[in-house]
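Text of query.csv (CSV, C-alpha atoms) as supplied:
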chain,number,residue,atom,x,y,z
A,1,MET,CA,-49.3,-11.5,-54.8
A,2,LYS,CA,-48.8,-12.9,-58.2
A,3,CYS,CA,-45.6,-12.4,-60.2
A,4,THR,CA,-44.5,-13.3,-63.7
A,5,ILE,CA,-41.0,-13.7,-64.9
A,6,ASN,CA,-41.1,-12.3,-68.4
A,7,ILE,CA,-40.0,-14.3,-71.4
A,8,GLU,CA,-39.7,-13.5,-75.1
A,9,LYS,CA,-43.2,-12.8,-76.3
A,10,GLY,CA,-44.7,-15.6,-78.4
A,11,VAL,CA,-42.0,-18.1,-77.7
A,12,SER,CA,-43.5,-20.1,-74.8
A,13,ALA,CA,-46.0,-22.9,-75.3
A,14,LEU,CA,-45.6,-24.2,-71.7
A,15,LYS,CA,-46.3,-22.5,-68.4
A,16,ILE,CA,-45.3,-23.4,-64.8
A,17,PHE,CA,-47.0,-21.7,-61.8
A,18,ALA,CA,-45.3,-21.8,-58.4
A,19,TYR,CA,-46.9,-21.3,-55.0
A,20,ALA,CA,-45.5,-20.0,-51.7
A,21,ILE,CA,-42.3,-18.6,-53.3
A,22,ARG,CA,-40.3,-16.9,-50.6
A,23,GLU,CA,-37.9,-14.0,-51.0
A,24,ASP,CA,-34.9,-16.3,-50.5
A,25,GLU,CA,-36.2,-18.5,-53.3
A,26,LYS,CA,-36.7,-15.8,-55.9
A,27,PRO,CA,-33.1,-15.6,-57.1
A,28,PHE,CA,-33.1,-19.3,-57.8
A,29,VAL,CA,-36.5,-19.1,-59.6
A,30,ALA,CA,-34.9,-16.4,-61.8
A,31,GLN,CA,-31.9,-18.5,-62.3
A,32,TRP,CA,-34.0,-21.4,-63.5
A,33,GLN,CA,-36.0,-19.1,-65.8
A,34,GLU,CA,-32.8,-17.7,-67.3
A,35,ASP,CA,-31.7,-21.3,-68.1
A,36,HIS,CA,-35.2,-22.1,-69.6
A,37,PRO,CA,-36.3,-18.9,-71.5
A,38,GLU,CA,-38.8,-20.9,-73.5
A,39,ILE,CA,-40.9,-21.6,-70.4
A,40,GLU,CA,-43.3,-19.1,-68.9
A,41,VAL,CA,-42.9,-19.0,-65.1
A,42,GLN,CA,-45.5,-17.3,-62.8
A,43,PHE,CA,-45.5,-17.4,-59.0
A,44,THR,CA,-47.2,-16.2,-55.9
A,45,ASP,CA,-46.2,-16.0,-52.2
A,46,GLN,CA,-49.6,-17.5,-51.2
A,47,LEU,CA,-50.0,-21.2,-50.3
A,48,LEU,CA,-51.9,-23.6,-52.5
A,49,ASN,CA,-55.5,-24.2,-51.4
A,50,GLU,CA,-58.8,-24.7,-53.0
A,51,ASP,CA,-59.2,-20.9,-53.4
A,52,THR,CA,-55.7,-20.0,-54.6
A,53,ALA,CA,-55.7,-22.9,-57.1
A,54,LYS,CA,-57.4,-20.5,-59.6
A,55,LEU,CA,-54.1,-18.5,-59.8
A,56,ALA,CA,-52.6,-21.3,-61.8
A,57,GLN,CA,-55.2,-21.1,-64.5
A,58,GLY,CA,-53.5,-21.7,-67.9
A,59,ALA,CA,-50.5,-23.4,-66.4
A,60,ASP,CA,-49.4,-26.9,-67.4
A,61,GLY,CA,-48.0,-27.7,-64.0
A,62,VAL,CA,-47.5,-26.4,-60.5
A,63,VAL,CA,-44.5,-26.2,-58.1
A,64,VAL,CA,-45.4,-26.1,-54.4
A,65,PHE,CA,-44.1,-26.0,-50.9
A,66,GLN,CA,-46.2,-26.1,-47.8
A,67,GLN,CA,-47.0,-27.8,-44.5
A,68,LEU,CA,-50.7,-27.7,-45.0
A,69,GLU,CA,-52.8,-30.6,-46.3
A,70,TYR,CA,-53.1,-31.1,-50.1
A,71,THR,CA,-56.8,-31.9,-49.7
A,72,GLN,CA,-59.3,-33.5,-52.0
A,73,LYS,CA,-60.8,-30.1,-52.6
A,74,THR,CA,-57.5,-28.5,-53.4
A,75,LEU,CA,-56.5,-31.3,-55.8
A,76,LYS,CA,-59.9,-31.2,-57.5
A,77,ALA,CA,-59.6,-27.4,-57.9
A,78,LEU,CA,-56.4,-27.9,-59.9
A,79,ALA,CA,-57.8,-30.8,-61.8
A,80,ASP,CA,-60.8,-28.7,-62.8
A,81,LEU,CA,-58.2,-26.3,-64.4
A,82,GLY,CA,-56.7,-29.2,-66.3
A,83,ILE,CA,-53.6,-29.3,-64.1
A,84,ASN,CA,-52.5,-32.7,-62.7
A,85,LYS,CA,-48.7,-32.3,-62.6
A,86,MET,CA,-47.4,-31.2,-59.2
A,87,SER,CA,-43.8,-30.8,-58.1
A,88,LEU,CA,-43.0,-30.4,-54.4
A,89,ARG,CA,-39.9,-28.5,-53.4
A,90,ASN,CA,-39.6,-30.7,-50.3
A,91,VAL,CA,-39.3,-34.3,-49.3
A,92,GLY,CA,-42.5,-35.1,-47.3
A,93,VAL,CA,-45.6,-36.4,-49.1
A,94,ASP,CA,-47.6,-37.4,-46.0
A,95,ASN,CA,-49.8,-34.4,-46.3
A,96,ILE,CA,-51.2,-35.4,-49.7
A,97,ASP,CA,-54.6,-36.9,-50.0
A,98,GLN,CA,-53.4,-40.0,-51.8
A,99,ALA,CA,-56.9,-41.2,-52.8
A,100,ALA,CA,-57.7,-37.9,-54.4
A,101,ALA,CA,-54.3,-37.8,-56.1
A,102,LYS,CA,-55.1,-41.1,-57.7
A,103,LYS,CA,-58.7,-40.2,-58.5
A,104,TYR,CA,-57.6,-37.1,-60.5
A,105,ASN,CA,-54.6,-38.8,-62.1
A,106,PHE,CA,-52.0,-36.6,-60.5
A,107,GLN,CA,-48.3,-37.0,-61.3
A,108,ILE,CA,-46.3,-35.8,-58.3
A,109,THR,CA,-42.6,-35.4,-57.7
A,110,ASN,CA,-40.6,-34.4,-54.6
A,111,VAL,CA,-37.0,-33.5,-53.8
A,112,PRO,CA,-35.9,-36.4,-51.7
A,113,VAL,CA,-32.2,-35.3,-51.6
A,114,TYR,CA,-31.5,-31.6,-51.7
A,115,SER,CA,-28.8,-31.4,-49.0
A,116,PRO,CA,-28.4,-34.1,-46.4
A,117,ASN,CA,-25.5,-32.1,-45.1
A,118,ALA,CA,-27.7,-29.1,-44.1
A,119,ILE,CA,-29.9,-31.2,-41.8
A,120,ALA,CA,-27.1,-33.5,-40.5
A,121,GLU,CA,-24.9,-30.5,-39.7
A,122,HIS,CA,-27.6,-28.8,-37.9
A,123,ALA,CA,-28.3,-31.9,-35.8
A,124,ALA,CA,-24.6,-32.3,-35.0
A,125,ILE,CA,-24.1,-28.6,-34.0
A,126,GLN,CA,-27.2,-28.6,-31.8
A,127,THR,CA,-26.2,-31.9,-30.2
A,128,ALA,CA,-22.7,-30.6,-29.4
A,129,ASN,CA,-24.3,-27.4,-28.0
A,130,VAL,CA,-26.5,-29.4,-25.6
A,131,LEU,CA,-23.6,-31.6,-24.5
A,132,ARG,CA,-21.5,-28.6,-23.7
A,133,GLN,CA,-24.4,-26.8,-22.0
A,134,ALA,CA,-23.9,-23.8,-24.4
A,135,THR,CA,-27.2,-22.2,-23.6
A,136,VAL,CA,-26.6,-22.3,-19.9
A,137,MET,CA,-23.2,-20.8,-20.3
A,138,GLU,CA,-24.5,-18.1,-22.6
A,139,GLN,CA,-27.1,-17.1,-20.1
A,140,LYS,CA,-24.5,-16.9,-17.4
A,141,VAL,CA,-22.2,-14.8,-19.5
A,142,GLN,CA,-25.0,-12.4,-20.5
A,143,ALA,CA,-25.9,-12.0,-16.8
A,144,GLY,CA,-22.3,-11.2,-15.9
A,145,ASP,CA,-21.5,-14.5,-14.2
A,146,LEU,CA,-18.2,-15.7,-15.7
A,147,ARG,CA,-17.7,-18.6,-13.3
A,148,TRP,CA,-17.1,-22.1,-14.7
A,149,ALA,CA,-18.9,-24.4,-12.3
A,150,PRO,CA,-21.2,-26.1,-12.3
A,151,THR,CA,-21.6,-25.7,-16.1
A,152,ILE,CA,-19.4,-28.6,-17.1
A,153,GLY,CA,-19.8,-30.1,-20.5
A,154,ARG,CA,-19.5,-33.5,-22.1
A,155,GLU,CA,-17.2,-34.2,-25.0
A,156,VAL,CA,-18.8,-35.7,-28.1
A,157,ARG,CA,-16.0,-38.2,-28.4
A,158,ASP,CA,-16.9,-39.7,-25.1
A,159,GLN,CA,-20.5,-40.5,-26.2
A,160,VAL,CA,-22.1,-43.5,-27.9
A,161,VAL,CA,-24.3,-42.0,-30.6
A,162,GLY,CA,-27.2,-44.1,-31.7
A,163,VAL,CA,-28.7,-43.3,-35.1
A,164,ILE,CA,-32.2,-44.5,-35.9
A,165,GLY,CA,-32.5,-44.5,-39.7
A,166,THR,CA,-29.5,-44.7,-42.0
A,167,GLY,CA,-30.7,-43.0,-45.1
A,168,HIS,CA,-28.9,-40.0,-46.7
A,169,ILE,CA,-29.2,-37.7,-43.7
A,170,GLY,CA,-28.5,-40.4,-41.1
A,171,GLN,CA,-25.3,-41.4,-42.9
A,172,VAL,CA,-24.0,-37.8,-43.0
A,173,PHE,CA,-24.8,-37.4,-39.3
A,174,MET,CA,-22.9,-40.6,-38.5
A,175,LYS,CA,-19.8,-39.3,-40.4
A,176,ILE,CA,-19.9,-36.0,-38.5
A,177,MET,CA,-20.2,-37.7,-35.2
A,178,GLU,CA,-17.4,-40.0,-36.0
A,179,GLY,CA,-15.4,-36.9,-37.0
A,180,PHE,CA,-15.8,-35.8,-33.4
A,181,GLY,CA,-14.5,-39.2,-32.3
A,182,ALA,CA,-17.7,-40.6,-31.0
A,183,LYS,CA,-18.6,-44.3,-31.3
A,184,VAL,CA,-21.6,-44.6,-33.6
A,185,ILE,CA,-24.2,-47.4,-33.6
A,186,ALA,CA,-27.3,-47.6,-35.8
A,187,TYR,CA,-30.6,-49.3,-36.2
A,188,ASP,CA,-32.7,-49.5,-39.4
A,189,LEU,CA,-35.3,-52.0,-40.7
A,190,PHE,CA,-33.7,-51.6,-44.1
A,191,ARG,CA,-30.0,-52.1,-43.6
A,192,ASN,CA,-27.4,-50.5,-45.8
A,193,PRO,CA,-25.0,-53.3,-46.9
A,194,ASP,CA,-21.9,-51.1,-46.6
A,195,LEU,CA,-22.8,-50.0,-43.1
A,196,GLU,CA,-23.7,-53.5,-42.1
A,197,ALA,CA,-20.4,-54.8,-43.4
A,198,LYS,CA,-18.7,-52.3,-41.1
A,199,GLY,CA,-20.6,-53.5,-38.1
A,200,TYR,CA,-22.7,-50.4,-37.3
A,201,TYR,CA,-26.0,-52.0,-36.8
A,202,VAL,CA,-27.4,-53.3,-33.5
A,203,ASP,CA,-30.1,-56.0,-33.5
A,204,SER,CA,-33.0,-54.0,-32.0
A,205,LEU,CA,-34.1,-50.6,-30.9
A,206,ASP,CA,-33.9,-51.9,-27.3
A,207,ASP,CA,-30.2,-52.6,-27.9
A,208,LEU,CA,-29.7,-49.1,-29.2
A,209,TYR,CA,-31.6,-47.5,-26.3
A,210,ALA,CA,-29.5,-49.5,-23.8
A,211,GLN,CA,-26.2,-48.4,-25.3
A,212,ALA,CA,-26.6,-44.9,-26.6
A,213,ASP,CA,-25.8,-41.6,-24.8
A,214,VAL,CA,-27.2,-39.6,-27.7
A,215,ILE,CA,-30.1,-40.9,-29.8
A,216,SER,CA,-30.8,-39.1,-33.1
A,217,LEU,CA,-33.9,-39.8,-35.3
A,218,HIS,CA,-33.7,-39.9,-39.1
A,219,VAL,CA,-36.8,-41.8,-40.1
A,220,PRO,CA,-40.0,-40.8,-41.9
A,221,ASP,CA,-43.4,-40.0,-40.4
A,222,VAL,CA,-45.2,-43.2,-41.1
A,223,PRO,CA,-47.8,-44.7,-38.8
A,224,ALA,CA,-45.4,-47.3,-37.3
A,225,ASN,CA,-43.0,-44.5,-36.3
A,226,VAL,CA,-45.5,-42.1,-34.6
A,227,HIS,CA,-44.5,-41.6,-31.0
A,228,MET,CA,-41.7,-44.1,-31.3
A,229,ILE,CA,-40.1,-42.0,-28.6
A,230,ASN,CA,-42.4,-42.4,-25.6
A,231,ASP,CA,-42.5,-43.2,-21.9
A,232,GLU,CA,-41.7,-46.8,-22.5
A,233,SER,CA,-38.8,-46.3,-24.9
A,234,ILE,CA,-37.3,-43.5,-22.7
A,235,ALA,CA,-37.4,-45.8,-19.7
A,236,LYS,CA,-35.2,-48.2,-21.7
A,237,MET,CA,-32.6,-45.5,-22.4
A,238,LYS,CA,-29.5,-44.7,-20.4
A,239,ASP,CA,-29.6,-42.0,-17.7
A,240,ASP,CA,-28.7,-38.5,-19.0
A,241,VAL,CA,-29.6,-39.4,-22.5
A,242,VAL,CA,-29.8,-36.7,-25.2
A,243,ILE,CA,-32.6,-37.1,-27.7
A,244,VAL,CA,-32.4,-35.4,-31.1
A,245,ASN,CA,-35.3,-35.0,-33.6
A,246,VAL,CA,-34.6,-33.0,-36.7
A,247,SER,CA,-36.7,-35.4,-38.8
A,248,ARG,CA,-40.5,-35.3,-38.2
A,249,GLY,CA,-42.4,-33.9,-35.2
A,250,PRO,CA,-44.8,-36.9,-34.7
A,251,LEU,CA,-42.0,-39.3,-34.1
A,252,VAL,CA,-41.8,-37.9,-30.5
A,253,ASP,CA,-44.3,-37.9,-27.7
A,254,THR,CA,-43.5,-34.5,-26.5
A,255,ASP,CA,-45.2,-35.0,-23.1
A,256,ALA,CA,-43.1,-38.1,-22.5
A,257,VAL,CA,-39.9,-36.2,-23.2
A,258,ILE,CA,-40.9,-33.4,-20.9
A,259,ARG,CA,-41.5,-35.9,-18.2
A,260,GLY,CA,-38.0,-37.3,-18.9
A,261,LEU,CA,-36.5,-33.8,-18.7
A,262,ASP,CA,-38.4,-33.1,-15.4
A,263,SER,CA,-37.1,-36.4,-13.8
A,264,GLY,CA,-33.6,-35.9,-15.1
A,265,LYS,CA,-33.6,-39.1,-17.1
A,266,VAL,CA,-33.3,-37.0,-20.2
A,267,ALA,CA,-30.4,-34.6,-20.0
A,268,GLY,CA,-31.1,-32.7,-23.2
A,269,PHE,CA,-33.5,-32.5,-26.1
A,270,VAL,CA,-32.7,-31.2,-29.6
A,271,LEU,CA,-35.8,-30.5,-31.8
A,272,ASP,CA,-36.2,-28.8,-35.1
A,273,THR,CA,-39.6,-30.5,-35.7
A,274,TYR,CA,-42.6,-30.5,-33.4
A,275,GLU,CA,-45.7,-32.6,-33.6
A,276,ASN,CA,-48.0,-29.5,-33.4
A,277,GLU,CA,-45.8,-27.1,-35.4
A,278,VAL,CA,-48.2,-26.2,-38.3
A,279,GLY,CA,-49.4,-22.6,-37.8
A,280,ILE,CA,-46.8,-22.0,-35.1
A,281,PHE,CA,-43.4,-22.3,-36.7
A,282,ASN,CA,-42.4,-19.6,-39.2
A,283,ASN,CA,-44.6,-17.0,-37.6
A,284,ASP,CA,-43.7,-13.9,-35.5
A,285,TRP,CA,-45.1,-14.2,-32.0
A,286,ARG,CA,-43.3,-11.3,-30.4
A,287,LYS,CA,-46.4,-9.1,-30.0
A,288,LYS,CA,-48.9,-11.8,-29.8
A,289,GLU,CA,-50.0,-14.4,-27.2
A,290,PHE,CA,-48.0,-17.5,-27.7
A,291,PRO,CA,-50.5,-20.3,-28.6
A,292,ASP,CA,-48.8,-23.4,-27.2
A,293,ALA,CA,-47.9,-23.6,-23.5
A,294,ARG,CA,-46.0,-26.9,-23.9
A,295,LEU,CA,-43.8,-25.4,-26.6
A,296,ALA,CA,-43.2,-22.3,-24.6
A,297,ASP,CA,-42.1,-24.5,-21.7
A,298,LEU,CA,-39.5,-26.2,-23.9
A,299,ILE,CA,-38.2,-22.9,-25.4
A,300,LYS,CA,-37.4,-21.7,-21.8
A,301,ARG,CA,-35.5,-24.8,-20.8
A,302,PRO,CA,-31.7,-24.3,-21.0
A,303,ASN,CA,-31.1,-28.0,-21.8
A,304,VAL,CA,-33.4,-27.8,-24.9
A,305,ALA,CA,-32.1,-26.6,-28.2
A,306,LEU,CA,-35.2,-25.7,-30.3
A,307,THR,CA,-35.3,-24.3,-33.8
A,308,PRO,CA,-38.5,-23.8,-35.9
A,309,HIS,CA,-37.9,-26.4,-38.6
A,310,THR,CA,-34.9,-24.6,-40.0
A,311,ALA,CA,-32.4,-27.5,-40.3
A,312,PHE,CA,-32.9,-27.5,-44.0
A,313,TYR,CA,-32.6,-23.8,-44.4
A,314,THR,CA,-29.3,-23.1,-46.2
A,315,THR,CA,-28.6,-21.4,-49.5
A,316,HIS,CA,-27.4,-24.7,-50.9
A,317,ALA,CA,-30.5,-26.6,-49.9
A,318,VAL,CA,-33.0,-23.9,-51.0
A,319,GLU,CA,-31.3,-23.7,-54.4
A,320,GLN,CA,-31.5,-27.4,-54.9
A,321,MET,CA,-35.1,-27.6,-53.8
A,322,VAL,CA,-36.1,-24.9,-56.3
A,323,ILE,CA,-34.1,-26.1,-59.3
A,324,GLN,CA,-34.9,-29.8,-58.8
A,325,ALA,CA,-38.6,-29.1,-58.4
A,326,PHE,CA,-38.8,-27.0,-61.6
A,327,ASP,CA,-36.7,-29.5,-63.5
A,328,ASN,CA,-39.1,-32.3,-62.5
A,329,ASN,CA,-42.2,-30.3,-63.4
A,330,LEU,CA,-40.8,-29.4,-66.8
A,331,LEU,CA,-40.0,-33.1,-67.5
A,332,MET,CA,-43.6,-34.1,-66.7
A,333,ILE,CA,-45.3,-31.3,-68.7
A,334,GLU,CA,-43.1,-32.3,-71.6
A,335,GLY,CA,-44.4,-35.8,-71.3
A,336,LYS,CA,-41.0,-37.2,-70.1
A,337,GLU,CA,-40.2,-39.3,-67.1
A,338,ALA,CA,-39.5,-37.2,-63.9
A,339,LYS,CA,-36.3,-37.8,-62.0
A,340,THR,CA,-37.9,-38.3,-58.6
A,341,PRO,CA,-41.6,-39.3,-59.0
A,342,VAL,CA,-43.6,-40.0,-55.9
A,343,LYS,CA,-45.1,-43.5,-55.9
A,344,PHE,CA,-48.0,-44.0,-53.4
Rendering of file as C-alpha cells:
Amino acid sequence: MKCTINIEKGVSALKIFAYAIREDEKPFVAQWQEDHPEIEVQFTDQLLNEDTAKLAQGADGVVVFQQLEYTQKTLKALADLGINKMSLRNVGVDNIDQAAAKKYNFQITNVPVYSPNAIAEHAAIQTANVLRQATVMEQKVQAGDLRWAPTIGREVRDQVVGVIGTGHIGQVFMKIMEGFGAKVIAYDLFRNPDLEAKGYYVDSLDDLYAQADVISLHVPDVPANVHMINDESIAKMKDDVVIVNVSRGPLVDTDAVIRGLDSGKVAGFVLDTYENEVGIFNNDWRKKEFPDARLADLIKRPNVALTPHTAFYTTHAVEQMVIQAFDNNLLMIEGKEAKTPVKF
C-alpha cells in the first residue's frame, strides 16, 4: 500500500518516501508533514527491498525501518532511481552492505538516541519481575493457588548489578537500579570519565562476572561481542545469576544460557532480542506452527521474561524515531549536514 500526505499543489520541489510505516507511526508522519508543508511525503507499509525500491521513484530521499538486510541489490535499485540519501528510524546499521553503500555514494543517517529511558525502563521492569518470580506467582494465582511458598522473591536492593556498556541506555539503567537501592558496577572498553571518577568500573569482564548477581548487556552487535555470553563466561558468573539482554540478540549464545538455566547456574533470563528473531518477532503465530523450538522452550519457562523486541516501543520513542529520521533526511536532500550521519 502506498499513501501520500497531500501538500499545496505546486509548492513542493522536494519529496521524501518512507518505507514500512506502521499505524502507530502515521500520526507522527502527519505531524512532521504539517510542520513542513513545502515537502511532499509519500509512504508505504511495505519493507524496502530491490522490488519495492521502485515505489520511491521521483523521491529525493528515503526514510526506512527494518530488520532485513540492506543488500547491494536493494541499494543499487535506489541508486538507479537517483536516490542515495537514506535515513533510518532506528539505531542499528549492521544490516547495511557497507561496500555497496560506499560504491553508490549513499549518505545514511540513523537515530542513535530516541529514548534511552524506554529500553532501560523495560530492562529494569523485567529484571525486577524475574527477581520477584512474578511469572511463577501469576501462574499460581491464575490456577487458584494463593499460597506464598515456595515462590519467594529477591529484592533488587540486595543485588550487585553489573552493567556491560555504559552508553546512553546503560547509564539510565544504572540510575534506575540505584534507585531501587542496588549496588551497581560496570565494564566498558570506552570509559565514561564521570562514571570512572565515581568508581563504577571494574577492571575486567571476569571481575564483573565474579561480583554481579544481575548482568545486563548494553553493547552493540559487533564481531568482538558476538556470543560474549557463552558457556565459558557463564561458568565465571555467580550462582543464581540473572542475565539481561535488551540490546542485540547475537550477544548471547542462547544454547549456553539454556544449559545454564537447566543446571540452575542461571536463575533467570531477560531477553527482548534473540539471535534468530528476524521473521519470528512481530508476527502472529497463534494459528500457525511455531518455527523455533528453542524459542518456544524459553517462552514456556517461568524464570524467563521474553518480549519480542519491544523494549523501544513507546509513544515517546516512536515519535522521536519518526521526527528525527525525517529531519535528517530533509537536511541531506537540502544539501545540509545531517545531525546524526552514519560513518562506516
inquiry  = Need the shell around Gly153 in chain A: protein/DNA/RNA residues with any atom at most 9 Å away, counting only C-alpha atoms. Skip same-chain ones fewer than 6 positions apart. Format as a VMD selection string?
reply    = chain A and resid 130 to 134
ask   = Looking at A:Glu138, A:Gln98, A:Arg191, A:Arg259, which one is nearest to Thr151 in chain A, with distances taken over all atoms listed in the file?
value = A:Glu138
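CA of Gln159 in chain A lies 10.8 Å from CA of Ile185 in chain A.
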Given all atoms listed in the file as the counted atoms, nearest of A:Leu251, A:Ile83, A:Val29, A:Ala296 to Pro223 in chain A = A:Leu251
Taking a cut-off of 9 Å and counting all atoms listed in the file, can you build a table that, for each residue of range 90-162 of chain A near range 75-82 of chain A, reports the nearest atom pair and how far apart they are in Å (one decimal), sorted by chain then residue number, as a tab-separated table?
residue	atom	partner	partner_atom	distance
A:Asp97	CA	A:Leu75	CA	8.3
A:Ala100	CA	A:Leu75	CA	6.9
A:Ala101	CA	A:Leu75	CA	6.9
A:Tyr104	CA	A:Ala79	CA	6.4
A:Asn105	CA	A:Ala79	CA	8.6
A:Phe106	CA	A:Ala79	CA	8.3
Mind checking which residues fall within 9 Å of Arg22 in chain A, counting only C-alpha atoms, ignoring those fewer than 4 positions away in the same chain, and posting them as a PDB file with C-alpha atoms, keeping the file's coordinate frame?
ATOM      1  CA  LYS A  26     -36.700 -15.800 -55.900  1.00  0.00           C
ATOM      2  CA  THR A  44     -47.200 -16.200 -55.900  1.00  0.00           C
ATOM      3  CA  ASP A  45     -46.200 -16.000 -52.200  1.00  0.00           C
TER       4      ASP A  45
END
task = To one decimal in Å, tell me the separation between CA of Ile21 in chain A and CA of Lys343 in chain A.
result =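 Between these atoms lies a distance of 25.2 Å.
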Shell of 9 Å around range 57-62 of chain A, all atoms listed in the file, local chain residues under 4 positions omitted, as a PDB file with C-alpha atoms, in the frame of the given file:
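The file below, result-v4.pdb, is the result:
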ATOM      1  CA  LEU A  14     -45.600 -24.200 -71.700  1.00  0.00           C
ATOM      2  CA  LYS A  15     -46.300 -22.500 -68.400  1.00  0.00           C
ATOM      3  CA  ILE A  16     -45.300 -23.400 -64.800  1.00  0.00           C
ATOM      4  CA  PHE A  17     -47.000 -21.700 -61.800  1.00  0.00           C
ATOM      5  CA  ALA A  18     -45.300 -21.800 -58.400  1.00  0.00           C
ATOM      6  CA  TYR A  19     -46.900 -21.300 -55.000  1.00  0.00           C
ATOM      7  CA  GLU A  40     -43.300 -19.100 -68.900  1.00  0.00           C
ATOM      8  CA  VAL A  41     -42.900 -19.000 -65.100  1.00  0.00           C
ATOM      9  CA  GLN A  42     -45.500 -17.300 -62.800  1.00  0.00           C
ATOM     10  CA  ALA A  53     -55.700 -22.900 -57.100  1.00  0.00           C
ATOM     11  CA  LEU A  78     -56.400 -27.900 -59.900  1.00  0.00           C
ATOM     12  CA  LEU A  81     -58.200 -26.300 -64.400  1.00  0.00           C
ATOM     13  CA  GLY A  82     -56.700 -29.200 -66.300  1.00  0.00           C
ATOM     14  CA  ILE A  83     -53.600 -29.300 -64.100  1.00  0.00           C
ATOM     15  CA  ASN A  84     -52.500 -32.700 -62.700  1.00  0.00           C
ATOM     16  CA  LYS A  85     -48.700 -32.300 -62.600  1.00  0.00           C
ATOM     17  CA  MET A  86     -47.400 -31.200 -59.200  1.00  0.00           C
ATOM     18  CA  SER A  87     -43.800 -30.800 -58.100  1.00  0.00           C
ATOM     19  CA  LEU A  88     -43.000 -30.400 -54.400  1.00  0.00           C
ATOM     20  CA  PHE A 326     -38.800 -27.000 -61.600  1.00  0.00           C
ATOM     21  CA  ASN A 329     -42.200 -30.300 -63.400  1.00  0.00           C
ATOM     22  CA  LEU A 330     -40.800 -29.400 -66.800  1.00  0.00           C
ATOM     23  CA  MET A 332     -43.600 -34.100 -66.700  1.00  0.00           C
ATOM     24  CA  ILE A 333     -45.300 -31.300 -68.700  1.00  0.00           C
TER      25      ILE A 333
END
